[in-house]
Amino acid sequence: MKRKYINILSATIVGVIFGIFCVLSFSSVQTLSTAYAQSQAAGVEQDKIKTLLLRPRGWDADWRGPGGSGDSVILFETRGEKVVAKITVIDPPRNPFCERDVIISSDVVTFDGCRDKAIKIQFDPNDSVWQFKGKSAKGFEWKLKAK
């Protein structure tokens with residue numbers, strides 16, 4: 001009688017362990033396929049944002065923060081595999097022109113300004129005027145609208 005219960009208990013334990021293994025294996029496969037799909041979607045979003053930024057007429061930029069405010073014109077261009085921002089400061093007219101490298105991810109565009117650092121802007125599909133908005137490391141708020 002004891003042997004029968006021991007066999008049943010052993011079979012139950014093996015079954016539970018096997019079931020846990022199957023669940024973990026399936027969830028790992030699901031996680032991998034989800035991660036792959038997200039990376040593919042991120043690439044699509046990144047391409048869409050890059051296409052938007054590369055408009056030939058450029059962008060009017062408005063920035064405001066702890067050190068003042070001003071307006072600039074930003075023209076994003078491709079240079080081989082890179083994207084650069086050609087920034088012309090309109091007001092105030094100090095350091096009137098600079099060119100900076102741009103990093104585009106699936107949801108954030110990062111670049112330095114002529115005097116500002118680590119500007120991170122995001123596309124806002126709900127705003128037809130100021131299509132990109134964000135902040136810099138120095139606390140300036142940036143808004144870009146199509147020229």
# chains A, B, ... in the order shown; residues from 1 in each chain; ligands from 1
$ residues_around --residues "Asp71 in chain A" --least-positions-apart "6" --cutoff "8 Å" --atoms "only C-alpha atoms" --output "ChimeraX atom specification"
/A:60-63,89-92
$ residues_around --residues "Arg79 in chain A" --least-positions-apart "4" --cutoff "12 Å" --atoms "only C-alpha atoms" --output "JSON, numbers by chain"
{"A": [54, 83, 84, 85, 86, 99, 100, 101, 102]}
$ write_last_selection --atoms "N, CA and C atoms" --output "mmCIF file, in the first residue's frame"
data_model
loop_
_atom_site.group_PDB
_atom_site.id
_atom_site.type_symbol
_atom_site.label_atom_id
_atom_site.label_comp_id
_atom_site.auth_asym_id
_atom_site.auth_seq_id
_atom_site.Cartn_x
_atom_site.Cartn_y
_atom_site.Cartn_z
ATOM 1 N N LEU A 54 13.400 64.819 -41.648
ATOM 2 C CA LEU A 54 14.188 65.194 -42.824
ATOM 3 C C LEU A 54 13.419 66.050 -43.832
ATOM 4 N N VAL A 83 22.475 61.194 -39.019
ATOM 5 C CA VAL A 83 21.612 62.357 -39.204
ATOM 6 C C VAL A 83 22.230 63.481 -38.390
ATOM 7 N N VAL A 84 22.287 64.665 -38.974
ATOM 8 C CA VAL A 84 22.809 65.835 -38.260
ATOM 9 C C VAL A 84 21.736 66.916 -38.221
ATOM 10 N N ALA A 85 21.829 67.756 -37.194
ATOM 11 C CA ALA A 85 20.944 68.911 -37.061
ATOM 12 C C ALA A 85 21.772 70.158 -37.347
ATOM 13 N N LYS A 86 21.368 70.922 -38.364
ATOM 14 C CA LYS A 86 21.988 72.209 -38.659
ATOM 15 C C LYS A 86 21.091 73.263 -38.022
ATOM 16 N N GLU A 99 26.257 72.762 -35.877
ATOM 17 C CA GLU A 99 25.822 71.506 -36.479
ATOM 18 C C GLU A 99 26.110 70.394 -35.474
ATOM 19 N N ARG A 100 25.098 69.564 -35.184
ATOM 20 C CA ARG A 100 25.241 68.526 -34.162
ATOM 21 C C ARG A 100 24.715 67.183 -34.676
ATOM 22 N N ASP A 101 25.308 66.092 -34.190
ATOM 23 C CA ASP A 101 24.826 64.745 -34.509
ATOM 24 C C ASP A 101 23.498 64.493 -33.809
ATOM 25 N N VAL A 102 22.671 63.656 -34.426
ATOM 26 C CA VAL A 102 21.340 63.346 -33.920
ATOM 27 C C VAL A 102 21.241 61.839 -33.703
#
$ closest_residue --among "A:Arg64, A:Lys120, A:Arg115, A:Lys138" --to "Thr88 in chain A" --atoms "only C-alpha atoms"
A:Arg115
$ residues_around --residues "Val129 in chain A" --least-positions-apart "5" --cutoff "12 Å" --atoms "only C-alpha atoms" --output "number ranges by chain"
A: 59-61, 123-124, 143-147
$ write_last_selection --atoms "C-alpha atoms" --output "short mmCIF file (atom, residue, chain, number, x, y, z; two decimals), in the first residue's frame"
data_model
loop_
_atom_site.label_atom_id
_atom_site.label_comp_id
_atom_site.auth_asym_id
_atom_site.auth_seq_id
_atom_site.Cartn_x
_atom_site.Cartn_y
_atom_site.Cartn_z
CA TRP A 59 11.65 73.18 -38.47
CA ASP A 60 10.99 76.32 -36.46
CA ALA A 61 12.10 75.69 -32.88
CA PHE A 123 6.75 63.19 -31.72
CA ASP A 124 3.26 64.27 -30.62
CA LYS A 143 8.95 72.69 -29.32
CA LEU A 144 9.36 72.20 -33.07
CA LYS A 145 6.87 73.00 -35.80
CA ALA A 146 7.20 72.38 -39.52
CA LYS A 147 8.30 75.38 -41.63
#
$ residues_around --residues "Gly58 in chain A" --least-positions-apart "2" --cutoff "6 Å" --atoms "only C-alpha atoms" --output "PyMOL selection string"
chain A and resi 55-56+74-75+147
